[in-house]
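Participant: Got a structure here, written out as structure tokens. Questions coming.
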Amino acid sequence: MLIASFAVFIMLAGLGVVGFTYFSTGVVLPDQIPLPQSTTVYTSDGKGLVAKLGNENRTLITKGQMPQHVRDAVAAAEDRNFYRHSGVDYKGIARAAWNNFTGGSRQGASTITQQYARNAYESLEDDTYARKVREAIFASKLNDEFSKDEIMENYLNVIYFGRGAYGVEAAAQTFFGKPASELTVGEGAVLAGLIKQPEKTATHNGYDPAVSPEDAKLRWDYVLDGMVAEGWLAAAERPTEFPEVKPLAEGGNGFGVATPRGNVINYVRAEMEQWGLCTNTGAEGKPSCTDELRKGGYRITTTIDDKMQTAMENAARVEVKGSVLNGQPDNLMAAGVAVDPKTGRVLAYYGGESGADTDWAGKNTDQNGTLYGGHPPASSFKVYTLAAAIEAGISVNSRWDAMPFTPEGYESRIYNAGRDVSKTCGKSCTLDESTVKSYNVPFFHVAEQIGPDKVVSMARQAGITTMWNESDETVTPYNLLAEKPEDLAPKHFDRVVGYGQYPITVLDHANGLATLANDGVFHQAHFVLKVEQKDKDTGEWKVVRGTGEKLDGQQRIRKEVTDEVTAVLKQIPKANGDALSGGRQAAGKTGTWELQDTEHNSNAWMVGYDDNLATAIWIGSKDTKKRAILDKNKNDIGGSTMPADVWKKFMDDALKGAPESDLPRITGVGDDKAGNGELPKPEEPDCGPLGLFCPDDDNGDNNGDNNGDNNGDNNGDNGGDIGFPPPPNGGNDRPGRG
């Protein structure tokens, strides 16, 4: 009796709560509903604007402007009992509950009235049983106070259709370029079908015809079949040809990111997911990061320096008058990233004109879920090979054979991209000289001697997270953080890794340079300083708990190593004619990757740093049918030309007012006899008057025989014609002129 009494008490209490909620709840129309709060993303000073998110594309219209067939199509798609139930479809709830209980596909039972309530009232956004009760109460009261036509009108002004379009009027313009009043039956059915899943997620392709045409057609048929079954459309009048839908706008719907700073927002979303605020992959129990940014009302301060970002855009954007690329061929595309070495803060980022399009500076995912975005770094990658060599105890004064040769098992020769080293250092090039003049052959030998896994490991320690390789016509990304270097090389990354065959991203490269600039202390490149949200009670902005940057640097590379690397690299900008203004010291390295079967190039880099700033610049082609990169005068673009000009223009502007750096000097630390090159001939001894003090002839003969014969036998067959190694990413390129 006690248990029964307690159960009755609980039920009565629950009914009392439901009853109180019912009678205390008021309902409103769309013009009284507060629109979702927008999110504003600022530069690091809290003043410059990166993006304003959540500006909804919405135009309210009346039911008289909504054709009856559009309203019927929506009912057929979302709630076929709409005109018969009282706001809540109890039969539908029972049917869905039974289906879920018996192990069938998971179903909901929300009516159009309930969906409208959920979209109209912020208090109904969470996914709890209490919310479902309140939703049902709201729906019932809406049904009591408004007619079906009024509810449908309100619903069609609130609901989201995808591509940034809220409400049927915006959707009609977005998908068909016409007002809702002019929609045909077939077009109305397309829009109705979108409501269930307007955009692609990790678990569903969505019903946008431009993204998932097959699924959209199936959904379209379902809507039209429902209209016929309900008697809202005569079978003879049923459309048979799927309407033509406008393609996705170039750069997507924008969502506040259709600007040169828009790619920053994609990294903001990624960091919000890392903090657990939302999900970008459709994980259960978390709101979408896109929705959070659209409706969350955040104030986000990024690491982007407004002055430096403007300097990057002024140097790299084709559209900016006075930029290096302005007036150049349309296929050319530049990307640039600048990182603060002491913190890992990304101070400037340019990966394209829109954050809804390809990010040329970072990683992208295509419709098949494949990761892409890397570019062959060519000789600019030698900074990591050089560091790995010094770490292995090899001096930059060691000597290496630079003559072209064909390694065992290779079909083509390793060469120096058209440079005749036989007239310079030949078989006795120092590692220092090989770096400055960017000879490839010595770096192949270095990678072979220390092991390509050591090169991959050094790149990983510096900050390279992903490298791509091609095998069996498939370009495969490899996560360096998830796999051991010894498992990746030489299996996937052979000795040609020494001079940059395998693609990496501009962002990763900038992060790696920042580690070299910071005496080997690594900071993860990041974009967000703080995330704030208004307190609903006080209206004050408060930092969202668990967010914000973490400046926990790690000593990943010995300072002795990075000092020697920097000392070598600081010779390059001046040698190439790209020294910074005012004699400011900076380390730098160029890189050029050639286009196979042509005399032209496909990728060109200039990367470099001082104590204040690490910057990577890439130039390539955004036109897959026109991959050669030529300037307006039909000249080949190499690392020391246009990319170096962009790098210098940006660095000169960005570093104005910054303290000048005093970069290290070469020490020659390590074994200077570690290389495979010929040692320099000893100087003739001073024998004194009449040669009385010269050593015995036997010693001279022995030295002469040993040095001459051994070097001749070991190295003599390696000279010859210039060739190129196996094709890299895409099978279209080969190493360039450095």
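Following the order of the structure tokens, first chain is A, next is B, and so on, with residues numbered from 1 inside each chain and ligands from 1 in the order they appear.
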List the neighbours of Met458 of chain A out to 12 Å using only C-alpha atoms; skip same-chain residues closer than 5 positions along the sequence, and give me the result as a PyMOL selection string.

Facilitator: chain A and resi 381-392+447+450-453+463-465+480+484-486+497-498+512-513+515-516+520+522+556-558+561-562

Participant: Which residues are near Val531 of chain A? Cut-off 12 Å, only C-alpha atoms, ignore same chain within fewer than 5 positions. Put them as a ChimeraX atom specification.

Facilitator: /A:39-42,44,46,268-269,271-272,275,277,293,296-303,541-549

Participant: At what distance in Å, to one decimal, does atom CA of Leu595 of chain A lie from atom CA of Ile629 of chain A?

Facilitator: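 Going from atom CA of Ile629 of chain A over to atom CA of Leu595 of chain A, I get 9.1 Å.
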
Participant: Hey, what's within 12 Å of Asn280 of chain A if we count only C-alpha atoms and toss same-chain stuff fewer than 6 positions away? As a list in words, please?

Facilitator: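 That gives Lys200, Thr201, Ala202, Thr203, Asn266, Tyr267, Val268, Arg269, Ala270, Glu271, Met272, Glu273, Gln274, Lys286, Pro287, Ser288, Cys289, Thr290, Asp291, Glu292 and Leu293 of chain A.
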